[in-house]
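Step one of this worksheet: look at the structure below.
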Amino acid sequence: MKDYFYGITKKLIQPLSIKSRVVTIVAALILPLSFLAPLWHMTFVAQQYPEGLNLYIYSHALVGGNDGNDLTEINVLNHYIGMRELAPEDFNELKWIPLIIGGLMLLTLRAAAIGTLGSLVDVFVMSSYFGLFSLWSFWYKMNLYGRELDPTAAVKVDPFMPPVFGYELVGQFHVWSYPAAGSYVMTAFGLLLLLAMYLSWRSDPRAPV
């Protein structure tokens, strides 16, 4: 057992293989694409809105469909039921998510240039934690908005939890909430890191299994 862990430790401090470096560079280069595409997409459909109202959540902004008009309409509807306005300045996540994504890209490029398998594992662990924490933060914020309703609102609605993933009927609205292209980019980034780790690990036939 001691020799087994010694072999793992020795492997983690060895430089990455050439193939692993190439895959790691590709992972780093696709990461900025998550700025260009929304991370999440929510659609609200009701009888008076048969075509639906769309809300796109980017890493740095909240954007409504129909040239931004859908966000204004959603906030008007939220006002009637006593929900707080969806204001970008109230979402601190939009301030720190771009910084973390930029930091992960730099750390990934550093690992590709001078890193070891251990440094690549560190980047993967940090990016996984970032993804899980972001999902929790999104769930917490949605729960906060749905639970803290103004009791003096014109339309009385029981506190509710907007869907983070999937479908839910909220009042008269059918609400769908799903990951968008930006989240798929983040997922691809993580999968490429896993592939790079595997390629580097298996580059030495003496690596422990």
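Residues are named by chain letter and number: chains run A, B, ... in the order of the structure tokens, numbers start at 1 in each chain, and ligands are numbered from 1 in the order shown.
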Please tabulate, as CSV, the residues of stretch 8-85 of chain A that come within 6 Å of stretch 200-204 of chain A, each with its closest pair of atoms and the distance in Å to one decimal, counting only C-alpha atoms and ordering rows by chain, then residue number upward.
residue,atom,partner,partner_atom,distance
A:Leu16,CA,A:Ser200,CA,5.6
A:Ser17,CA,A:Ser200,CA,5.1
A:Ser20,CA,A:Ser200,CA,5.5
Output N, CA and C atoms for every residue in the selection just made, as an mmCIF file, in the first residue's frame.
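What follows is the written file again-v1.cif:
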data_model
loop_
_atom_site.group_PDB
_atom_site.id
_atom_site.type_symbol
_atom_site.label_atom_id
_atom_site.label_comp_id
_atom_site.auth_asym_id
_atom_site.auth_seq_id
_atom_site.Cartn_x
_atom_site.Cartn_y
_atom_site.Cartn_z
ATOM 1 N N LEU A 16 3.470 17.221 -17.446
ATOM 2 C CA LEU A 16 2.428 16.687 -18.315
ATOM 3 C C LEU A 16 3.018 16.163 -19.617
ATOM 4 N N SER A 17 2.349 15.179 -20.192
ATOM 5 C CA SER A 17 2.764 14.674 -21.497
ATOM 6 C C SER A 17 2.393 15.691 -22.577
ATOM 7 N N SER A 20 -1.269 15.665 -23.388
ATOM 8 C CA SER A 20 -2.018 16.269 -22.288
ATOM 9 C C SER A 20 -1.937 17.788 -22.343
#
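Excluding A:Lys19 itself and any same-chain residue fewer than 3 positions from it, the protein and nucleic acid residues within 7 Å of it, counting only C-alpha atoms, are Val22, Val23 and Leu199 of chain A.
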Write out, as a CSV table (one decimal), in the first residue's frame, the residues just selected, with C-alpha atoms.
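Now in result-v5.csv:
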chain,number,residue,atom,x,y,z
A,22,VAL,CA,-2.4,20.1,-26.2
A,23,VAL,CA,-5.7,19.1,-24.7
A,199,LEU,CA,-3.6,11.0,-21.2
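Across stretch 6-40 of chain A, DSSP run on the backbone finds alpha helix (DSSP H) at Tyr6, Gly7, Ile8, Thr9, Lys10, Lys11, Leu12, Ile18, Lys19, Ser20, Arg21, Val22, Val23, Thr24, Ile25, Val26, Ala27, Ala28, Leu29, Ile30, Leu33, Ser34, Phe35 and Leu36 of chain A.
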If you keep C-alpha atoms, can you produce a file of those selected residues as a PDB file, in the first residue's frame?
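The resulting file, again-v4.pdb, is reproduced below:
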ATOM      1  CA  TYR A   6       4.353   6.545  -3.376  1.00  0.00           C
ATOM      2  CA  GLY A   7       3.790   5.759  -7.054  1.00  0.00           C
ATOM      3  CA  ILE A   8       0.776   8.054  -7.197  1.00  0.00           C
ATOM      4  CA  THR A   9       2.676  10.897  -5.515  1.00  0.00           C
ATOM      5  CA  LYS A  10       5.600  10.447  -7.883  1.00  0.00           C
ATOM      6  CA  LYS A  11       3.273  10.520 -10.864  1.00  0.00           C
ATOM      7  CA  LEU A  12       1.538  13.715  -9.712  1.00  0.00           C
ATOM      8  CA  ILE A  18       2.705  16.449 -24.864  1.00  0.00           C
ATOM      9  CA  LYS A  19      -0.799  15.200 -25.702  1.00  0.00           C
ATOM     10  CA  SER A  20      -2.018  16.269 -22.288  1.00  0.00           C
ATOM     11  CA  ARG A  21      -0.602  19.764 -22.793  1.00  0.00           C
ATOM     12  CA  VAL A  22      -2.352  20.120 -26.153  1.00  0.00           C
ATOM     13  CA  VAL A  23      -5.715  19.072 -24.708  1.00  0.00           C
ATOM     14  CA  THR A  24      -5.195  21.406 -21.732  1.00  0.00           C
ATOM     15  CA  ILE A  25      -4.506  24.340 -24.057  1.00  0.00           C
ATOM     16  CA  VAL A  26      -7.707  23.573 -25.985  1.00  0.00           C
ATOM     17  CA  ALA A  27      -9.621  23.520 -22.682  1.00  0.00           C
ATOM     18  CA  ALA A  28      -8.222  26.917 -21.738  1.00  0.00           C
ATOM     19  CA  LEU A  29      -9.015  28.423 -25.141  1.00  0.00           C
ATOM     20  CA  ILE A  30     -12.676  27.374 -25.158  1.00  0.00           C
ATOM     21  CA  LEU A  33     -16.632  31.228 -24.947  1.00  0.00           C
ATOM     22  CA  SER A  34     -18.677  30.968 -21.748  1.00  0.00           C
ATOM     23  CA  PHE A  35     -18.687  34.791 -21.669  1.00  0.00           C
ATOM     24  CA  LEU A  36     -20.360  34.980 -25.069  1.00  0.00           C
TER      25      LEU A  36
END
Picked from chain A by DSSP as strand (DSSP E), as number ranges by chain: A: 40-46, 49-57, 62-64, 166-170, 173-179
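Between atom CA of A:Phe173 and atom CA of A:Asp67 the separation is 21.3 Å.
Here atom CA of A:Gly131 stands at a distance of 15.2 Å from atom CA of A:His60.
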Could you name the residues that touch A:Pro163 at 10 Å or less, counting only C-alpha atoms, but leaving out those on the same chain fewer than 6 positions away, as a PyMOL selection string? chain A and resi 42+139+142-143+146+169-170+175-178
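Across A:Ile81, A:Leu94, A:Leu132, A:Met126, the tightest approach to A:Ser59 is made by A:Leu94 when counting only C-alpha atoms.
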Kindly give the distance, in Å, that separates atom CA of A:Ala113 and atom CA of A:Phe189, rounded to a single decimal. 17.1 Å
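Neighbours of A:Asp90 closer than or equal to 12 Å, with only C-alpha atoms counted and sequence neighbours fewer than 6 positions away skipped, come out as Ala61, Leu62, Arg84, Lys141 and Tyr145 of chain A.
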Since we have the selection now, will you write its residues out, keeping N, CA and C atoms, as a CSV table (one decimal), in the first residue's frame?
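Generated output (result_19.csv):
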chain,number,residue,atom,x,y,z
A,61,ALA,N,-24.3,39.1,-16.8
A,61,ALA,CA,-25.5,40.0,-17.1
A,61,ALA,C,-26.7,39.1,-17.1
A,62,LEU,N,-27.9,39.8,-16.8
A,62,LEU,CA,-29.2,39.2,-17.0
A,62,LEU,C,-29.8,39.9,-18.3
A,84,ARG,N,-39.4,40.8,-5.6
A,84,ARG,CA,-38.4,41.9,-5.9
A,84,ARG,C,-38.0,41.9,-7.4
A,141,LYS,N,-30.5,32.1,-4.6
A,141,LYS,CA,-31.0,33.3,-5.0
A,141,LYS,C,-32.5,33.2,-5.5
A,145,TYR,N,-35.9,34.9,-3.8
A,145,TYR,CA,-36.8,35.7,-4.5
A,145,TYR,C,-38.2,35.2,-4.5
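You can rank A:Ala153, A:Ala37, A:Val123, A:Ala188 by their closest distance to A:Met83 using only C-alpha atoms, and at the top of that list sits A:Ala153.
Among A:Gly64, A:Met105, A:Glu85, A:Leu194, the residue with the shortest atom-to-atom distance to A:Glu148, counting only C-alpha atoms, is A:Glu85.
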Might you pull out every residue within 6 Å of stretch 114-116 of chain A, with only C-alpha atoms counted and same-chain residues fewer than 5 positions away left off, and present them as a ChimeraX atom specification? /A:13-16
Tell me, as JSON, numbers by chain, which residues lie within 10 Å of A:Asn69, counting only C-alpha atoms; anything in the same chain fewer than 4 positions away does not count. {"A": [53, 54, 55, 63, 64, 65, 73, 74]}
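Minimum atom-to-atom distance to A:Phe160, evaluated using only C-alpha atoms, belongs to A:Gly82 out of A:Trp136, A:Gly82, A:Leu193, A:Phe124.
Proximity of A:Thr108, A:Gly182, A:Ser119, A:Tyr56 to A:Leu86, computed with only C-alpha atoms, is greatest for A:Tyr56.
With only C-alpha atoms as the atoms that count, the residue of A:Pro32, A:Phe165, A:Tyr129, A:Leu149 with the shortest distance to A:Leu99 is A:Pro32.
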